[in-house]
Structure formats: structure tokens, C-alpha cells
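Enquirer: Structure provided below as C-alpha cells; questions to follow.
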Protein chains: 2
Amino acid sequence: MFSLAEENYLKAIYHLEQEHNGEVSTNAIADRMDTKPSSVTDMVQKLAEKEVLSYKKYKGTLLTPSGRKIAANVIRKHRLWEVFLVEKLNFHWDEVHDIAEQLEHIQSEELVVRLDKFLGHPDFDPHGDPIPDKHGNVKRTEKKLLSECEKNQRGVCVGVKESSGEFLQYLDKRKISIGTKIKVLGKEFFDGSMIIQVGNDQFFISKKIAENLYVQTN
Amino acid sequence: MFSLAEENYLKAIYHLEQEHNGEVSTNAIADRMDTKPSSVTDMVQKLAEKEVLSYKKYKGTLLTPSGRKIAANVIRKHRLWEVFLVEKLNFHWDEVHDIAEQLEHIQSEELVVRLDKFLGHPDFDPHGDPIPDKHGNVKRTEKKLLSECEKNQRGVCVGVKESSGEFLQYLDKRKISIGTKIKVLGKEFFDGSMIIQVGNDQFFISKKIAENLYVQTN
DNA sequence: TAATATTTTTAGCTTAGTCTAAAAATAAGG
DNA sequence: CCTTATTTTTAGACTAAGCTAAAAATATTA
């Protein structure tokens, strides 16, 4: 079993590995976790003992497959709880992170299985991030900004970049939410504005909107 | 803010106060918490500093009103989560304790408010124990065994003592669950058996059944 | 490539919460 | 009411996880 602190280190290293794809430096971990490099060194040595990551002095660390699986499971729980908080308890997308940060450490295999079922086996959390499956595998799909899409491309809304109340209300009014299918009907060169199709409606959106909406294209 | 360990001490002391109604001894706490008396002394002195309980050497402890409120809030969360686990995730009554023991420490006022609402403001947990309100007040209702009821008394089923699969199935078959109203129509002296009314049905139950069913009489 | 800057590690200290062993206070029994 | 038993507290040590300050390794740059 891994302590709360250990799980948080594994999670941070997991995310840093994706971002820089490759070894993760001591300082990068300290930064991310808002702690001191010396503390990181200690913990990383302990985790290396437990064989959830490999570590060579001054060379950075890499998760082992087992470490990666543990981290992915914590992230799975975090994201499932976020779905719960938003879908069932009607929290807003931007209010749930701190609570999920606590809930992700609850230990019970069965709880995760049942929560997942209760939520209808969601693939994405309310921010559009993919939820790893029980084996720690992530559906690596291209998540990109709507503004990066070309004419005639189709995508599914999977999240937002900004999540201010105004923006969410804007989306609400146009019936855009997680899972909404969007097609780009036209795109203007000079200002980046677009005409898109949502359901049976077609409408104009500015570049600013398109730059804050994530879509998943397949 | 109180640490996980502190919250657990407050909760244990709260329960012990009810049971022995009065001061709680160091050994009693150690027993309940599965720890050593010396550890209890340390913690109790720390909590006395924080003014959540009063403590005189060798004399035992008593929660202060503020300590009692904190404890009741932890218990409130524990029981709300138990309702969630049983009602929404379909766990059995006897599987939920360990998970709720973890969930009770999640810190978020708003979460509790919303969870409570989501569950329909329940008054009792799946074991029939009352859920303290947000101010820490508990509906102090007489919870007693059905076997202790007299002829013509009415009560609402609020829990079970034993919770084996067989027993739960027995209750299920007779449509008895939390909230079910029961009236004692007759009681036999020599074997403690009863005739009871449940909805429109009347039937016979043995002493053993009556001794494992908690009812709330008003 | 030598000097300087940056990163990382080590050494030693701190706090929370626990433990054991021994001392002190209280309770019980003859 | 004195002796013994029980309960409680104290003293000192341990572990996990963090910190600071200094030393060591690596990177950068003139």
C-alpha cells in the first residue's frame, strides 16, 4: 500500500513524464509539488526502493510499469470523482479539483468499480481529460483546440481551456457541453472566426471562443 | 483545521461519552482506538490545548461544545456517505463502514451540503443510526429493539443488529426495510414471539427476529 | 578549459503521531 | 489503613515527511 504522500509523488511524476516525455528532474518535481528539492530526493529514493520508479543520482527518474499503473489508478479515481461531483452534485467544472484531490486517495477497489458503473463508464472528466481504464491504459486521443480544426472537420467537445462563468453560460446558451458533436462548416482567415454546426443549428463563433474549446477528433 | 488523527479521537470520545454518559477514561479511548494509553494521553493533552475537550490528569476527558460539534460533523459525514454507498452504489449495509471511515475526513462544507441534498436529506444511515444535522444536533430518538416493545406500540424500522445475508433476505421477503412502519399487535410471554402489522399485512415473527430489529418509537 | 552558475544530494533538525518501559497516582481488598 | 493491583502519565525513542544549510556533481559560459 502506498501513503498519500507517495501517491501524490507518483501522480506528479506521471504527469511530468507526459509533458516532457522522458526522465523527470528533481527540481521539476519539487516545483510541481510545491516542495523542496531535498525532500524530493528523499522520497524518490524511497520510491526507487519500492521499485515503482527507477532513479540514478543526478540523472532524474522514470516510473516503472508498476509505478505508472499506480499513478494512472489515482488519476482514474480523481477523474471519476470529478464526473460525480459535476454530474451528480451539480458542481461547476472549476470547483471540483480540490475535492477530487482528496477523494482520489480513498482506498477501495470495489468503490471504484461501482462508482464507474454508477456514472455510466465515462471516458472523459468534466475538463475533457481522458479517464484511464482499470488497467491504467489511457485512450490517447487527439485533444485539440477547436481553433486548430480545419473546414469540414468533425469533433466532439471534450472540455474547455478557460472556465469562467461567462464562458460556460455562453456555451450553455448554445447547447454546447461535454460530448456535443461539432462540425466546422467554415473558417475565416483574417480573424479566425468560424461557422459551426451543433445539432441542427448553425452559427458563428469568434476566434476567442474557438481558442477556448477543446474537441476530440478521431 | 483538525488532522485525521485528531478527528478520529474526537469521534471516538464522542461515542464513548454517549455510551458511558459522562467522562471518558484514557484506557477506554485506547481500547476503542486500538492504540496505547500513553498515546492517548499525548493526544488528549494536545486536544485540550486546542480547547475541544477538557482534561484533568487522571480524571478523564469531556468534549467541549466546540469539540462535540466537530465530532458530530465527522459522524454526519460518515453516515451521509454510508447512505450514498448503499442507496446509490448498491453496497450492502455491512460493507460500507471501512469506506465511510475514509470518506468522513474529506474536507468541504459545500460537498456535504450537496451530498445531503442529493440523498434527499436522510435522517438515518443504513444501520438506522441518526444523522446529526449541520449544527451537530442529533434527533435523539429512542432506538430500541422490537423485542422491547409492548403490545399496541408503534415504531419505525431504523436498523438491524445482525446483518447477515439470510436475515436481510428474510426482511426483504416481508417488505421490511429502513423507514417501514411496524405495529405490535400481540406478544407471547413464554417465547417472546410477536404478531406484527406491516402495511396491510399481519404476520408472526419469532423472538430471534424481534431481537435483531431496531425500531424508533416516538 | 577554467571559472561560475545551477542542480542535486547529503547531513542534521523538526513535527506529528506512535511506541515501550518505568514512574506516579488512584482504586481495591484484606 | 496498608498492601497490592490497576490506571494513567512521563520520559525517551522511532518513523514518515518535511525543512535548511552546506557540499558535491553537473552545466554553462567566457
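A note on labels: chains of the C-alpha cells are A, B, ... as shown, every chain counts residues from 1, and ligands are counted from 1 in their shown order.
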I want to know what sits within 9 Å of DT9 of chain D, based on only C-alpha atoms (C1' of nucleotides), with residues of the same chain fewer than 4 positions away left out; could you give that as a list of chain:residue names?
Expert: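 With the cut-off at 9 Å, the set is B:Ser38, B:Thr41, B:Lys57, B:Tyr58, C:DA23, C:DA24, C:DA25.
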Enquirer: Go ahead and save the residues from that selection, with N, CA and C atoms (P, O5', C5', C4', C3', O3' and C1' of nucleotides), as a short mmCIF file (atom, residue, chain, number, x, y, z; two decimals), in the first residue's frame.
Expert:
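Just written: out09.cif:
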```
data_model
loop_
_atom_site.label_atom_id
_atom_site.label_comp_id
_atom_site.auth_asym_id
_atom_site.auth_seq_id
_atom_site.Cartn_x
_atom_site.Cartn_y
_atom_site.Cartn_z
N SER B 38 -0.65 5.54 26.56
CA SER B 38 0.31 6.65 26.54
C SER B 38 0.09 7.56 25.33
N THR B 41 -2.92 9.75 26.11
CA THR B 41 -2.59 10.88 26.99
C THR B 41 -2.00 12.04 26.19
N LYS B 57 -5.68 15.66 34.65
CA LYS B 57 -4.86 14.47 34.84
C LYS B 57 -5.56 13.43 35.72
N TYR B 58 -5.55 12.22 35.26
CA TYR B 58 -6.11 11.07 36.00
C TYR B 58 -7.63 11.13 36.13
P DA C 23 11.53 3.54 37.52
"O5'" DA C 23 10.59 4.78 37.86
"C5'" DA C 23 10.74 5.99 37.13
"C4'" DA C 23 9.49 6.83 37.33
"C3'" DA C 23 9.05 6.95 38.79
"O3'" DA C 23 8.68 8.29 39.01
"C1'" DA C 23 7.27 6.11 37.48
P DA C 24 8.35 8.79 40.53
"O5'" DA C 24 6.78 9.07 40.46
"C5'" DA C 24 6.30 9.98 39.48
"C4'" DA C 24 4.80 9.89 39.47
"C3'" DA C 24 4.17 10.03 40.86
"O3'" DA C 24 3.16 11.01 40.73
"C1'" DA C 24 3.31 8.13 39.75
P DA C 25 2.44 11.65 42.04
"O5'" DA C 25 0.95 11.14 41.89
"C5'" DA C 25 0.26 11.45 40.69
"C4'" DA C 25 -0.95 10.55 40.58
"C3'" DA C 25 -1.88 10.57 41.79
"O3'" DA C 25 -3.12 11.09 41.33
"C1'" DA C 25 -1.49 8.35 41.03
#
```
Enquirer: I need the residues in segment 29-195 of chain A that are helix (DSSP H, G or I) according to DSSP; give them as number ranges by chain.
Expert: A: 29-33, 37-49, 65-88, 93-95, 97-103, 109-118, 146-148, 165-173
Enquirer: Counting only C-alpha atoms, which residues from chain B have an atom at most 8 Å from any atom of chain A, and could you show them as JSON, numbers by chain?
Expert: {"B": [88, 89, 99, 102, 103, 106, 107, 108, 114, 115, 118]}
Enquirer: Next, the residues of the selection above should be written as a tab-separated table (two decimals), in the first residue's frame with N, CA and C atoms.
Expert:
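This went into again_18.tsv:
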```
chain	number	residue	atom	x	y	z
B	88	LYS	N	-27.01	4.57	-3.54
B	88	LYS	CA	-26.63	4.90	-4.91
B	88	LYS	C	-25.71	3.87	-5.53
B	89	LEU	N	-24.79	3.33	-4.74
B	89	LEU	CA	-23.83	2.38	-5.32
B	89	LEU	C	-24.17	0.94	-5.00
B	99	ILE	N	-15.14	2.08	4.16
B	99	ILE	CA	-15.04	3.11	3.14
B	99	ILE	C	-15.52	4.46	3.71
B	102	GLN	N	-13.09	6.39	5.68
B	102	GLN	CA	-12.16	7.23	4.93
B	102	GLN	C	-12.87	8.49	4.43
B	103	LEU	N	-14.05	8.31	3.88
B	103	LEU	CA	-14.77	9.44	3.27
B	103	LEU	C	-15.15	10.51	4.28
B	106	ILE	N	-13.06	13.82	4.31
B	106	ILE	CA	-12.96	14.75	3.18
B	106	ILE	C	-13.44	16.12	3.63
B	107	GLN	N	-12.60	17.13	3.35
B	107	GLN	CA	-12.91	18.49	3.82
B	107	GLN	C	-13.56	19.32	2.73
B	108	SER	N	-14.82	19.63	2.91
B	108	SER	CA	-15.51	20.55	2.02
B	108	SER	C	-16.95	20.73	2.50
B	114	ARG	N	-24.23	19.50	-0.59
B	114	ARG	CA	-24.76	18.95	-1.84
B	114	ARG	C	-25.03	17.45	-1.76
B	115	LEU	N	-24.16	16.76	-1.05
B	115	LEU	CA	-24.38	15.32	-0.89
B	115	LEU	C	-25.69	15.08	-0.15
B	118	PHE	N	-28.50	15.70	-2.47
B	118	PHE	CA	-28.55	14.62	-3.47
B	118	PHE	C	-29.23	13.39	-2.90
```
Enquirer: Restrict the distance test to only C-alpha atoms (C1' of nucleotides), flag each residue of chain C within 10 Å of chain B, and return the flagged residues as number ranges by chain.
Expert: C: 16-20, 25-26
Enquirer: Using Å and a single decimal, report how far atom CA of Lys77 of chain A sits from atom CA of Glu51 of chain A.
Expert: 22.4 Å
Enquirer: I want to know what sits within 10 Å of Asp201 of chain B, based on only C-alpha atoms (C1' of nucleotides), with residues of the same chain fewer than 5 positions away left out; could you give that as a list of chain:residue names?
Expert: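 The neighbour list is B:Arg174, B:Lys175, B:Ile196.
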Enquirer: Set the distance at 9 Å and use only C-alpha atoms (C1' of nucleotides): which residues neighbour segment 3-9 of chain C once local chain neighbours fewer than 5 positions away are removed? I'd like the list as a CSV table (one decimal) with N, CA and C atoms (P, O5', C5', C4', C3', O3' and C1' of nucleotides), in the first residue's frame.
Expert:
```
chain,number,residue,atom,x,y,z
A,26,THR,N,14.6,16.4,-10.6
A,26,THR,CA,14.3,16.6,-9.2
A,26,THR,C,13.6,18.0,-9.0
A,27,ASN,N,14.2,19.0,-9.6
A,27,ASN,CA,13.6,20.3,-9.5
A,27,ASN,C,12.2,20.4,-10.1
A,37,PRO,N,13.6,20.6,-3.3
A,37,PRO,CA,14.3,19.5,-4.0
A,37,PRO,C,14.9,18.5,-3.0
A,38,SER,N,15.3,18.9,-1.9
A,38,SER,CA,15.9,17.9,-0.9
A,38,SER,C,14.8,16.9,-0.5
A,41,THR,N,14.3,14.4,-3.3
A,41,THR,CA,15.4,13.4,-3.4
A,41,THR,C,15.1,12.2,-2.4
A,57,LYS,N,21.3,8.8,-9.3
A,57,LYS,CA,21.7,10.1,-8.8
A,57,LYS,C,22.0,11.1,-9.9
A,58,TYR,N,21.5,12.3,-9.8
A,58,TYR,CA,21.7,13.4,-10.7
A,58,TYR,C,21.2,13.2,-12.1
D,23,DA,P,30.4,23.1,3.5
D,23,DA,O5',30.4,21.8,2.6
D,23,DA,C5',29.9,20.6,3.2
D,23,DA,C4',29.6,19.6,2.1
D,23,DA,C3',30.8,19.6,1.0
D,23,DA,O3',31.0,18.2,0.7
D,23,DA,C1',28.7,20.0,0.0
D,24,DA,P,32.2,17.7,-0.3
D,24,DA,O5',31.4,17.2,-1.6
D,24,DA,C5',30.4,16.2,-1.5
D,24,DA,C4',29.7,16.1,-2.8
D,24,DA,C3',30.7,16.0,-4.0
D,24,DA,O3',30.2,14.9,-4.8
D,24,DA,C1',29.1,17.7,-4.4
D,25,DA,P,31.1,14.2,-5.9
D,25,DA,O5',30.2,14.5,-7.2
D,25,DA,C5',28.8,14.1,-7.2
D,25,DA,C4',28.1,14.8,-8.3
D,25,DA,C3',28.7,14.8,-9.7
D,25,DA,O3',27.8,14.1,-10.5
D,25,DA,C1',28.0,17.0,-9.2
D,26,DT,P,28.1,13.8,-12.1
D,26,DT,O5',27.5,15.1,-12.8
D,26,DT,C5',26.1,15.3,-12.6
D,26,DT,C4',25.7,16.7,-13.3
D,26,DT,C3',26.1,16.8,-14.7
D,26,DT,O3',25.0,17.2,-15.4
D,26,DT,C1',26.7,18.7,-13.5
D,27,DA,P,24.8,17.3,-17.0
D,27,DA,O5',24.4,18.8,-17.3
D,27,DA,C5',24.4,19.7,-16.2
D,27,DA,C4',24.1,21.1,-16.7
D,27,DA,C3',24.4,21.5,-18.2
D,27,DA,O3',23.5,22.5,-18.5
D,27,DA,C1',26.0,22.6,-16.9
D,28,DT,P,23.4,23.3,-19.9
D,28,DT,O5',24.3,24.6,-19.6
D,28,DT,C5',23.9,25.5,-18.5
D,28,DT,C4',24.8,26.7,-18.5
D,28,DT,C3',25.1,27.3,-19.9
D,28,DT,O3',24.9,28.7,-19.7
D,28,DT,C1',27.1,26.9,-18.8
D,29,DT,P,24.8,29.7,-20.9
D,29,DT,O5',26.1,30.6,-20.8
D,29,DT,C5',26.6,31.0,-19.5
D,29,DT,C4',28.0,31.5,-19.7
D,29,DT,C3',28.3,32.1,-21.1
D,29,DT,O3',29.2,33.2,-20.9
D,29,DT,C1',29.9,30.4,-20.5
D,30,DA,P,29.0,34.6,-21.5
D,30,DA,O5',30.3,35.3,-21.2
D,30,DA,C5',30.8,35.3,-19.8
D,30,DA,C4',32.3,35.0,-19.9
D,30,DA,C3',33.1,35.8,-20.9
D,30,DA,O3',34.3,36.2,-20.4
D,30,DA,C1',33.5,33.5,-21.2
```
Enquirer: Give me, as a PyMOL selection string, all polymer residues having an atom no more than 12 Å from DC2 of chain D, counting only C-alpha atoms (C1' of nucleotides) and skipping those fewer than 4 positions away in the same chain.
Expert: chain C and resi 28-30
Enquirer: Could you give me, as CSV, every chain D residue with an atom at most 10 Å from chain A, plus its closest atom pair and distance in Å to one decimal, counting only C-alpha atoms (C1' of nucleotides), rows ordered by chain then number?
Expert:
```
residue,atom,partner,partner_atom,distance
D:DA16,C1',A:Ala5,CA,9.5
D:DA17,C1',A:Ser39,CA,8.0
D:DG18,C1',A:Ser39,CA,6.6
D:DC19,C1',A:Lys36,CA,7.9
D:DT20,C1',A:Ser38,CA,9.7
D:DA25,C1',A:Tyr58,CA,7.4
D:DT26,C1',A:Tyr58,CA,7.9
```
Enquirer: So which residues of segment 1-167 of chain B fall under strand (DSSP E) by DSSP, listed as a list in words?
Expert: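 Selecting the strand (DSSP E) positions of segment 1-167 of chain B gives Leu53, Ser54, Tyr55, Lys56, Gly60, Thr61, Leu62, Leu63, Glu142, Lys143, Lys144, Leu145, Arg154, Gly155, Val156, Cys157, Val158, Gly159 and Val160 of chain B.
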Enquirer: Write out the residues from the selection above, keeping N, CA and C atoms, as an mmCIF file, in the first residue's frame.
Expert:
```cif
data_model
loop_
_atom_site.group_PDB
_atom_site.id
_atom_site.type_symbol
_atom_site.label_atom_id
_atom_site.label_comp_id
_atom_site.auth_asym_id
_atom_site.auth_seq_id
_atom_site.Cartn_x
_atom_site.Cartn_y
_atom_site.Cartn_z
ATOM 1 N N LEU B 53 -11.630 19.793 24.093
ATOM 2 C CA LEU B 53 -12.058 18.945 25.214
ATOM 3 C C LEU B 53 -11.403 19.448 26.496
ATOM 4 N N SER B 54 -12.023 19.054 27.620
ATOM 5 C CA SER B 54 -11.439 19.445 28.898
ATOM 6 C C SER B 54 -10.818 18.200 29.510
ATOM 7 N N TYR B 55 -9.699 18.415 30.161
ATOM 8 C CA TYR B 55 -8.920 17.278 30.631
ATOM 9 C C TYR B 55 -8.241 17.633 31.937
ATOM 10 N N LYS B 56 -8.415 16.767 32.927
ATOM 11 C CA LYS B 56 -7.694 16.884 34.191
ATOM 12 C C LYS B 56 -6.956 15.568 34.384
ATOM 13 N N GLY B 60 -9.923 11.789 33.415
ATOM 14 C CA GLY B 60 -10.716 11.564 32.211
ATOM 15 C C GLY B 60 -11.018 12.860 31.466
ATOM 16 N N THR B 61 -11.699 12.728 30.327
ATOM 17 C CA THR B 61 -11.956 13.898 29.478
ATOM 18 C C THR B 61 -13.438 14.015 29.135
ATOM 19 N N LEU B 62 -13.794 15.226 28.760
ATOM 20 C CA LEU B 62 -15.143 15.542 28.278
ATOM 21 C C LEU B 62 -14.983 16.510 27.109
ATOM 22 N N LEU B 63 -15.732 16.309 26.046
ATOM 23 C CA LEU B 63 -15.675 17.247 24.926
ATOM 24 C C LEU B 63 -16.267 18.583 25.347
ATOM 25 N N GLU B 142 -35.656 7.453 20.666
ATOM 26 C CA GLU B 142 -35.442 6.170 21.314
ATOM 27 C C GLU B 142 -35.310 5.097 20.254
ATOM 28 N N LYS B 143 -34.105 4.595 20.100
ATOM 29 C CA LYS B 143 -33.922 3.457 19.199
ATOM 30 C C LYS B 143 -33.881 2.236 20.093
ATOM 31 N N LYS B 144 -34.843 1.326 19.919
ATOM 32 C CA LYS B 144 -34.770 0.111 20.729
ATOM 33 C C LYS B 144 -35.091 -1.114 19.909
ATOM 34 N N LEU B 145 -34.833 -2.249 20.497
ATOM 35 C CA LEU B 145 -35.119 -3.496 19.798
ATOM 36 C C LEU B 145 -36.634 -3.700 19.764
ATOM 37 N N ARG B 154 -46.238 1.382 18.411
ATOM 38 C CA ARG B 154 -45.876 1.573 17.010
ATOM 39 C C ARG B 154 -44.434 2.047 16.916
ATOM 40 N N GLY B 155 -43.787 1.721 15.839
ATOM 41 C CA GLY B 155 -42.407 2.166 15.650
ATOM 42 C C GLY B 155 -42.040 2.140 14.180
ATOM 43 N N VAL B 156 -40.930 2.788 13.873
ATOM 44 C CA VAL B 156 -40.420 2.786 12.507
ATOM 45 C C VAL B 156 -39.113 2.024 12.504
ATOM 46 N N CYS B 157 -38.980 1.108 11.580
ATOM 47 C CA CYS B 157 -37.741 0.329 11.490
ATOM 48 C C CYS B 157 -36.584 1.266 11.140
ATOM 49 N N VAL B 158 -35.552 1.242 11.979
ATOM 50 C CA VAL B 158 -34.407 2.136 11.719
ATOM 51 C C VAL B 158 -33.090 1.382 11.594
ATOM 52 N N GLY B 159 -33.129 0.074 11.700
ATOM 53 C CA GLY B 159 -31.881 -0.658 11.543
ATOM 54 C C GLY B 159 -31.948 -2.079 12.041
ATOM 55 N N VAL B 160 -30.838 -2.774 11.857
ATOM 56 C CA VAL B 160 -30.751 -4.157 12.329
ATOM 57 C C VAL B 160 -29.553 -4.311 13.239
#
```
Enquirer: Using Å and a single decimal, report how far atom CA of Glu188 of chain A sits from atom CA of Gln153 of chain A.
Expert: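 Rounded to one decimal, the two atoms are 14.5 Å apart.
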Enquirer: Quick one: pull the distance between atom CA of Glu148 of chain B and atom CA of Glu82 of chain B, Å, one decimal.
Expert: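 Atom-to-atom, atom CA of Glu148 of chain B and atom CA of Glu82 of chain B are spaced 27.0 Å apart.
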